[in-house]
Structure formats: structure tokens, C-alpha cells
file my_file16.cif (mmCIF, C-alpha atoms)
data_protein
#
loop_
_atom_site.label_atom_id
_atom_site.label_comp_id
_atom_site.auth_asym_id
_atom_site.auth_seq_id
_atom_site.Cartn_x
_atom_site.Cartn_y
_atom_site.Cartn_z
CA MET P 117 63.81 -31.19 39.46
CA THR P 118 64.46 -31.54 35.74
CA PHE P 119 62.04 -31.50 32.80
CA SER P 120 62.38 -35.26 32.34
CA GLU P 121 61.73 -35.93 36.04
CA ILE P 122 58.60 -33.80 35.90
CA SER P 123 57.51 -35.53 32.70
CA ASP P 124 57.72 -38.92 34.40
CA GLN P 125 55.31 -37.90 37.15
CA ASN P 126 51.50 -37.89 36.95
CA THR P 127 51.51 -38.99 33.33
CA ASN P 128 47.80 -39.83 33.47
CA LEU P 129 46.97 -36.10 33.36
CA GLN P 130 49.84 -35.04 31.15
CA ILE P 131 49.42 -34.08 27.51
CA ASN P 132 52.50 -33.93 25.32
CA ILE P 133 52.43 -31.43 22.49
CA GLY P 134 55.29 -32.66 20.36
CA ASP P 135 58.59 -33.44 22.06
CA LYS P 136 59.30 -30.00 23.53
CA VAL P 137 56.10 -29.00 25.32
CA SER P 138 53.78 -30.69 27.81
CA LEU P 139 50.75 -29.72 29.86
CA LEU P 140 50.43 -31.32 33.28
CA PHE P 141 46.89 -30.78 34.51
CA ASP P 142 46.20 -30.05 38.13
CA GLN P 143 43.37 -32.08 39.61
CA SER P 144 41.76 -29.03 41.18
CA ILE P 145 39.31 -26.77 39.39
CA GLN P 146 38.78 -23.12 40.26
CA SER P 147 35.69 -21.02 39.67
CA ALA P 148 35.75 -17.62 38.02
CA ASN P 149 32.42 -15.88 37.52
CA SER P 150 30.12 -18.48 35.94
CA ASN P 151 33.05 -20.32 34.33
CA LYS P 152 35.30 -23.05 35.67
CA VAL P 153 39.05 -22.70 35.36
CA LEU P 154 41.19 -25.70 34.48
CA THR P 155 44.79 -25.37 35.70
CA ALA P 156 47.80 -26.88 33.97
CA THR P 157 51.54 -26.53 34.33
CA LEU P 158 53.18 -25.66 31.03
CA MET P 159 56.48 -27.48 30.75
CA ILE P 160 58.93 -26.55 28.03
CA ASN P 161 62.11 -28.50 27.44
CA PRO P 162 64.79 -26.30 29.11
CA GLN P 163 66.93 -26.22 25.96
CA GLU P 164 63.98 -24.67 24.11
CA SER P 165 62.57 -22.35 26.79
CA GLU P 166 64.67 -19.34 25.74
CA LYS P 167 63.74 -19.78 22.07
CA LEU P 168 60.02 -20.27 22.56
CA ASP P 169 57.79 -17.72 24.27
CA LEU P 170 54.68 -19.88 24.49
CA GLU P 171 52.75 -18.85 27.58
CA ASP P 172 49.90 -17.12 25.73
CA ARG P 173 50.00 -19.43 22.71
CA VAL P 174 48.98 -22.77 24.25
CA TRP P 175 45.40 -23.90 23.79
CA ILE P 176 42.96 -26.71 24.51
CA GLN P 177 39.85 -27.59 22.56
CA ILE P 178 36.95 -29.69 23.83
CA GLY P 179 34.50 -31.08 21.30
CA GLU P 180 33.59 -28.67 18.52
CA ASN P 181 34.07 -25.63 20.76
CA SER P 182 36.53 -22.87 19.97
CA ARG P 183 40.09 -23.19 21.18
CA VAL P 184 40.69 -21.80 24.65
CA PHE P 185 44.09 -20.19 25.12
CA GLY P 186 45.69 -20.42 28.53
CA ARG P 187 46.45 -17.32 30.51
CA LYS P 188 49.66 -17.18 32.46
CA THR P 189 50.07 -16.98 36.20
CA GLU P 190 53.39 -16.47 37.94
CA GLY P 191 55.74 -19.46 37.60
CA ASN P 192 58.78 -20.46 39.59
CA GLU P 193 61.08 -21.73 36.86
CA ASP P 194 61.86 -20.75 33.29
CA PHE P 195 60.68 -24.07 31.88
CA GLN P 196 57.51 -24.28 34.01
CA ASN P 197 54.56 -21.89 34.11
CA GLU P 198 51.05 -22.30 35.36
CA LEU P 199 48.31 -21.69 32.79
CA LEU P 200 44.63 -21.18 33.45
CA PHE P 201 42.02 -22.26 30.90
CA ASP P 202 38.56 -20.69 31.30
CA LEU P 203 35.79 -23.16 30.44
CA ASP P 204 32.19 -22.12 29.80
CA ASN P 205 29.17 -24.31 30.57
CA ILE P 206 29.03 -25.85 27.09
CA MET P 207 32.68 -26.91 27.35
CA ILE P 208 32.06 -28.36 30.80
CA ASP P 209 29.11 -30.36 29.46
CA ASP P 210 31.29 -31.65 26.62
CA PHE P 211 33.94 -32.68 29.15
CA LYS P 212 31.35 -34.57 31.15
CA THR P 213 30.08 -36.39 28.05
CA THR P 214 33.68 -37.21 27.10
CA LYS P 215 33.85 -35.30 23.84
CA MET P 216 37.14 -35.30 21.96
CA MET P 217 39.89 -33.08 23.30
CA TYR P 218 43.04 -31.67 21.75
CA ALA P 219 45.82 -29.40 22.94
CA GLY P 220 48.21 -27.37 20.87
CA VAL P 221 50.60 -24.49 20.44
CA ASN P 222 50.08 -21.62 18.03
CA HIS P 223 53.61 -20.24 17.55
CA PRO P 224 55.47 -19.52 14.30
CA ASN P 225 58.41 -21.72 15.38
CA TYR P 226 56.38 -24.44 17.11
CA ASN P 227 52.89 -24.82 15.65
CA LEU P 228 51.59 -28.22 16.73
CA LYS P 229 48.38 -29.96 17.71
CA SER P 230 48.36 -33.05 19.91
CA LYS P 231 46.80 -36.32 18.95
CA GLU P 232 43.29 -36.78 20.30
CA ILE P 233 43.55 -36.92 24.09
CA SER P 234 42.69 -40.29 25.57
CA THR P 235 39.24 -40.68 27.08
CA SER P 236 40.78 -41.72 30.40
CA VAL P 237 42.41 -38.28 30.74
CA ILE P 238 39.20 -36.52 29.73
CA LYS P 239 37.19 -38.55 32.25
CA GLU P 240 39.70 -37.84 35.01
CA LEU P 241 39.53 -34.09 34.31
CA ALA P 242 35.72 -34.24 34.09
CA LYS P 243 35.55 -35.69 37.61
CA GLN P 244 36.74 -32.32 38.89
CA LEU P 245 34.01 -30.34 37.14
#

call {"tool": "encode", "arguments": {"input": "my_file16.cif", "output": "C-alpha cells"}}
result
Amino acid sequence: MTFSEISDQNTNLQINIGDKVSLLFDQSIQSANSNKVLTATLMINPQESEKLDLEDRVWIQIGENSRVFGRKTEGNEDFQNELLFDLDNIMIDDFKTTKMMYAGVNHPNYNLKSKEISTSVIKELAKQL
């Protein structure tokens, strides 16, 4: 399966961060301690994957909360890695009240922030919390 084929699937829970990076959110939520963990597949355009080491530099932000950087789990392919985002109770409440959401990358060669995420995506993610 290629990057473009993956990008065409499940677009309702996909957030594009520029034209080289996307997050495809899983519809399942895990629990860790008192926090919830949001899971997303990090997809990097294959032509860029060797140039950009992004796994620990991708973040989401809900409402006025601090950015939450994803932590890497084992991935199967070079251009796809699973990231876990730990959400505290305040962030979960902001999700449920459909506060603004952004995603971004903090990397010297690819420092971008997405446009505000659509409320339909936020509501769909909030259903899992």
C-alpha cells in the first residue's frame, strides 16, 4: 500500500500537516493511568521519510492546553509509525466540548502547524472518549 492509497482512506479522521505528513487517527482510545491515549498513524511521504526523523516531533493541541507530543510505538513501514498522544482530563473535557484543535511538527526542516481541525473530526474523536 502506498502513501497516496493510505491518504485516500478514512479521510474523516485524517489531519494533513503540510503536503508531506499526515496523522490518521484510530477510532479506539486506550487508557494509561488516569489519562486516555489517542492513537494515530504518522504517515510521511516516502520520498521524505529518510530526510525527516519526525516520530518524537509531532504534536496535537486541544483548546488552550499545552501541545502534546506523540510517543512512538513500533511501526511496520518506514513511512508509517504509530504515535500515542496522552490526554489528561482537561484535554478530554475540551475534546468533548469541541474546543479548537491543531496538529503540527516541530522539526528544523519541517516546522508546520495545521489549519484548525474541523469540528466534525473533533466530534468523531470525542465520541471515543

call {"tool": "resolve_selection", "arguments": {"input": "my_file16.cif", "expression": "the PyMOL selection byres ((chain P and resi 181) around 10)", "output": "ChimeraX atom specification"}}
result
/P:176-180,182-184,204,206-207,210,217

call {"tool": "residues_near_point", "arguments": {"input": "my_file16.cif", "point": "(44.5, -37.5, 20.2)", "cutoff": "9 Å", "atoms": "all atoms listed in the file", "output": "PyMOL selection string"}}
result
chain P and resi 216-219+229-234

call {"tool": "closest_residue", "arguments": {"input": "my_file16.cif", "among": "P:Asn222, P:Asn161, P:Thr213, P:Asn205", "to": "Gly186 (chain P)", "atoms": "all atoms listed in the file"}}
result
P:Asn222

call {"tool": "atom_distance", "arguments": {"input": "my_file16.cif", "atom1": "CA of Ile131 (chain P)", "atom2": "CA of Leu168 (chain P)"}}
result
18.1 Å

call {"tool": "atom_distance", "arguments": {"input": "my_file16.cif", "atom1": "CA of Lys152 (chain P)", "atom2": "CA of Ile208 (chain P)"}}
result
7.9 Å

call {"tool": "atom_distance", "arguments": {"input": "my_file16.cif", "atom1": "CA of Leu241 (chain P)", "atom2": "CA of Asp202 (chain P)"}}
result
13.8 Å
